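Structure first, then comments.
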Amino acid sequence: MGRVDSEQRANILEAAVRVFAEKGRRGTSIRMVGAAAGVNSALIYYYFENKDELFAESVRMVLRGFLAELAADRRTFRGGRERLQWLVDHVFQYYSVHPERLRLMAIALVLHGNLMGQCLAPLLREGVPLPLEVLRVGMDAGELRRQNPVAAWWNIIGICLFNLFTREVSAGIDWGSAGIEQPSAAERRDQILEVLSGGMVVPPGSVREAGMAKNVVRRMARRRG
């Protein structure tokens with residue numbers, strides 16, 4: 001029975017993500033989710049106390065799914081730019097497979113910040129999320145400029161989501177008639193990476209110079225000793 005319960009609950013959450021992403025939290029009803037999931041409303045209330053809990057669990061499922069994909073591709077990096085590229089690429093990849101999930105995340109971030117915080121709290125209690133770890137290790141290694149890793153991650157997510165969803169707006173515009181060519185997904189990723197790298201990546205020369213300065217300090221301390 002446990003497996004059936006788990007499958008039913010997962011099915012309801014997947015349907016909820018689709019409906020919330022299309023209608024928003026306020027425009028969605030339990031009945032709509034039930035219709036999308038092919039179940040009656042009573043079954044949804046069996047698993048979730050109300051619409052707010054269903055919304056929160058839907059957002060949490062999206063977050064866990066994204067973090068799981070990152071964890072499955074965990075790797076070592078050869079510098080700050082490579083760290084940023086890995087994070088940006090995964091946002092774009094996740095969107096290419098689950099556009100409705102990232103649309104829901106954007107809705108939660110923009111319109112329901114407090115609820116988004118409640119969704120993140122349990123994940124933080126389980127440990128440092130992988131994106132923050134990747135950024136923090138890069139800062140500790142001198143590959144990325146020192147800053148709050150949470151703020152850095154929100155900046156990356158924000159610029160990626162904005163880029164992805166403005167492209168949806170642009171899809172209905174005939175840019176060609178104005179002599180403007182729409183950039184490809186790869187070009188958009190590269191542009192984002194250039195912007196982020198300019199503000200976050202420590203140039204390799206700076207890392208070497210910092211290391212040289214530390215060595216000078218060590219030599220001076222040995223001489224004084």
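Each chain of the structure tokens is named A, B, ... in the order shown, its residues numbered from 1; ligands are numbered from 1 in display order.
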
>> I'd like the neighbourhood of Val110 (chain A) as number ranges by chain, where a residue qualifies if any of its atoms comes within 12 Å (using only C-alpha atoms), though same-chain residues fewer than 2 positions away should be ignored.
In response: A: 24-25, 103-108, 112-117, 154, 158, 161-162

>> Taking 5 positions as the minimum chain separation for residues in the same chain, which residues sit within 10 Å of Val202 (chain A) when counting only C-alpha atoms? Answer as a list in words.
In response: Gly79, Gly80, Arg81, Gly138, Met139, Gly142, Glu143, Leu144, Arg145, Arg146, Ser197 and Val207 of chain A

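The shortest atom-to-atom distance to Ile12 (chain A), with only C-alpha atoms taken into account, belongs to A:Ala35 out of A:Ala35, A:Ala68, A:Ile180, A:Val201.
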
>> According to DSSP computed on the backbone, where in region 18-222 of chain A is there helix (DSSP H, G or I)? Give the residues as a PyMOL selection string.
In response: chain A and resi 18-27+30-37+41-47+51-72+80-97+99-111+113-125+130-140+149-170+175-178+185-200+204-222

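You will find CA of Gly127 (chain A) at 27.2 Å from CA of Asp5 (chain A).
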
> Nearest to Leu63 (chain A) among A:Cys119, A:Ala171, A:Gln85, A:Arg136, with distances taken over only C-alpha atoms: which residue is it?
Replying inline: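 Counting only C-alpha atoms, the residue closest to Leu63 (chain A) is A:Cys119.
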
> For Ala121 (chain A), which residue out of A:Arg167, A:Arg60, A:Arg189, A:Arg26 is the nearest one, using only C-alpha atoms?
Replying inline: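 Counting only C-alpha atoms, the residue closest to Ala121 (chain A) is A:Arg60.
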
> Between A:Gly34, A:Gly27, A:Gly199, A:Pro129, which is the closest to Glu14 (chain A) once you count only C-alpha atoms?
Replying inline: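 With only C-alpha atoms as the atom set, the closest residue is A:Gly34.
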
>> To one decimal place in Å, what is the distance between CA of Phe77 (chain A) and CA of Pro131 (chain A)?
In response: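 Going from CA of Phe77 (chain A) over to CA of Pro131 (chain A) covers 13.0 Å.
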
> Excluding same-chain residues fewer than 6 positions from Leu13 (chain A), what lies within 8 Å of it counting only C-alpha atoms, as an MDAnalysis selection string?
Replying inline: chainID A and resid 54 57:58 61

Selection from above, N, CA and C atoms, as a short mmCIF file (atom, residue, chain, number, x, y, z; two decimals), in the first residue's frame, can you write it?
data_model
loop_
_atom_site.label_atom_id
_atom_site.label_comp_id
_atom_site.auth_asym_id
_atom_site.auth_seq_id
_atom_site.Cartn_x
_atom_site.Cartn_y
_atom_site.Cartn_z
N LEU A 54 -0.49 22.01 -0.74
CA LEU A 54 -0.24 21.39 -2.04
C LEU A 54 0.72 22.24 -2.86
N GLU A 57 4.27 21.92 -1.33
CA GLU A 57 4.87 20.62 -1.63
C GLU A 57 5.25 20.50 -3.10
N SER A 58 4.48 21.15 -3.96
CA SER A 58 4.80 21.15 -5.39
C SER A 58 6.11 21.88 -5.64
N MET A 61 8.99 19.81 -4.37
CA MET A 61 9.31 18.72 -5.28
C MET A 61 10.17 19.22 -6.44
#

> Hey, can you check how far CA of Asn50 (chain A) sits from CA of Val62 (chain A)?
Replying inline: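 Spanning CA of Asn50 (chain A) to CA of Val62 (chain A) is a straight-line distance of 18.8 Å.
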
>> What's around region 88-91 of chain A at 12 Å? Count only C-alpha atoms, leave out sequence neighbours fewer than 2 positions away in its own chain, and write the answer as a VMD selection string.
In response: chain A and resid 63 65 to 74 81 to 86 93 to 99 101 to 103 105 131 153 to 164 185 to 197
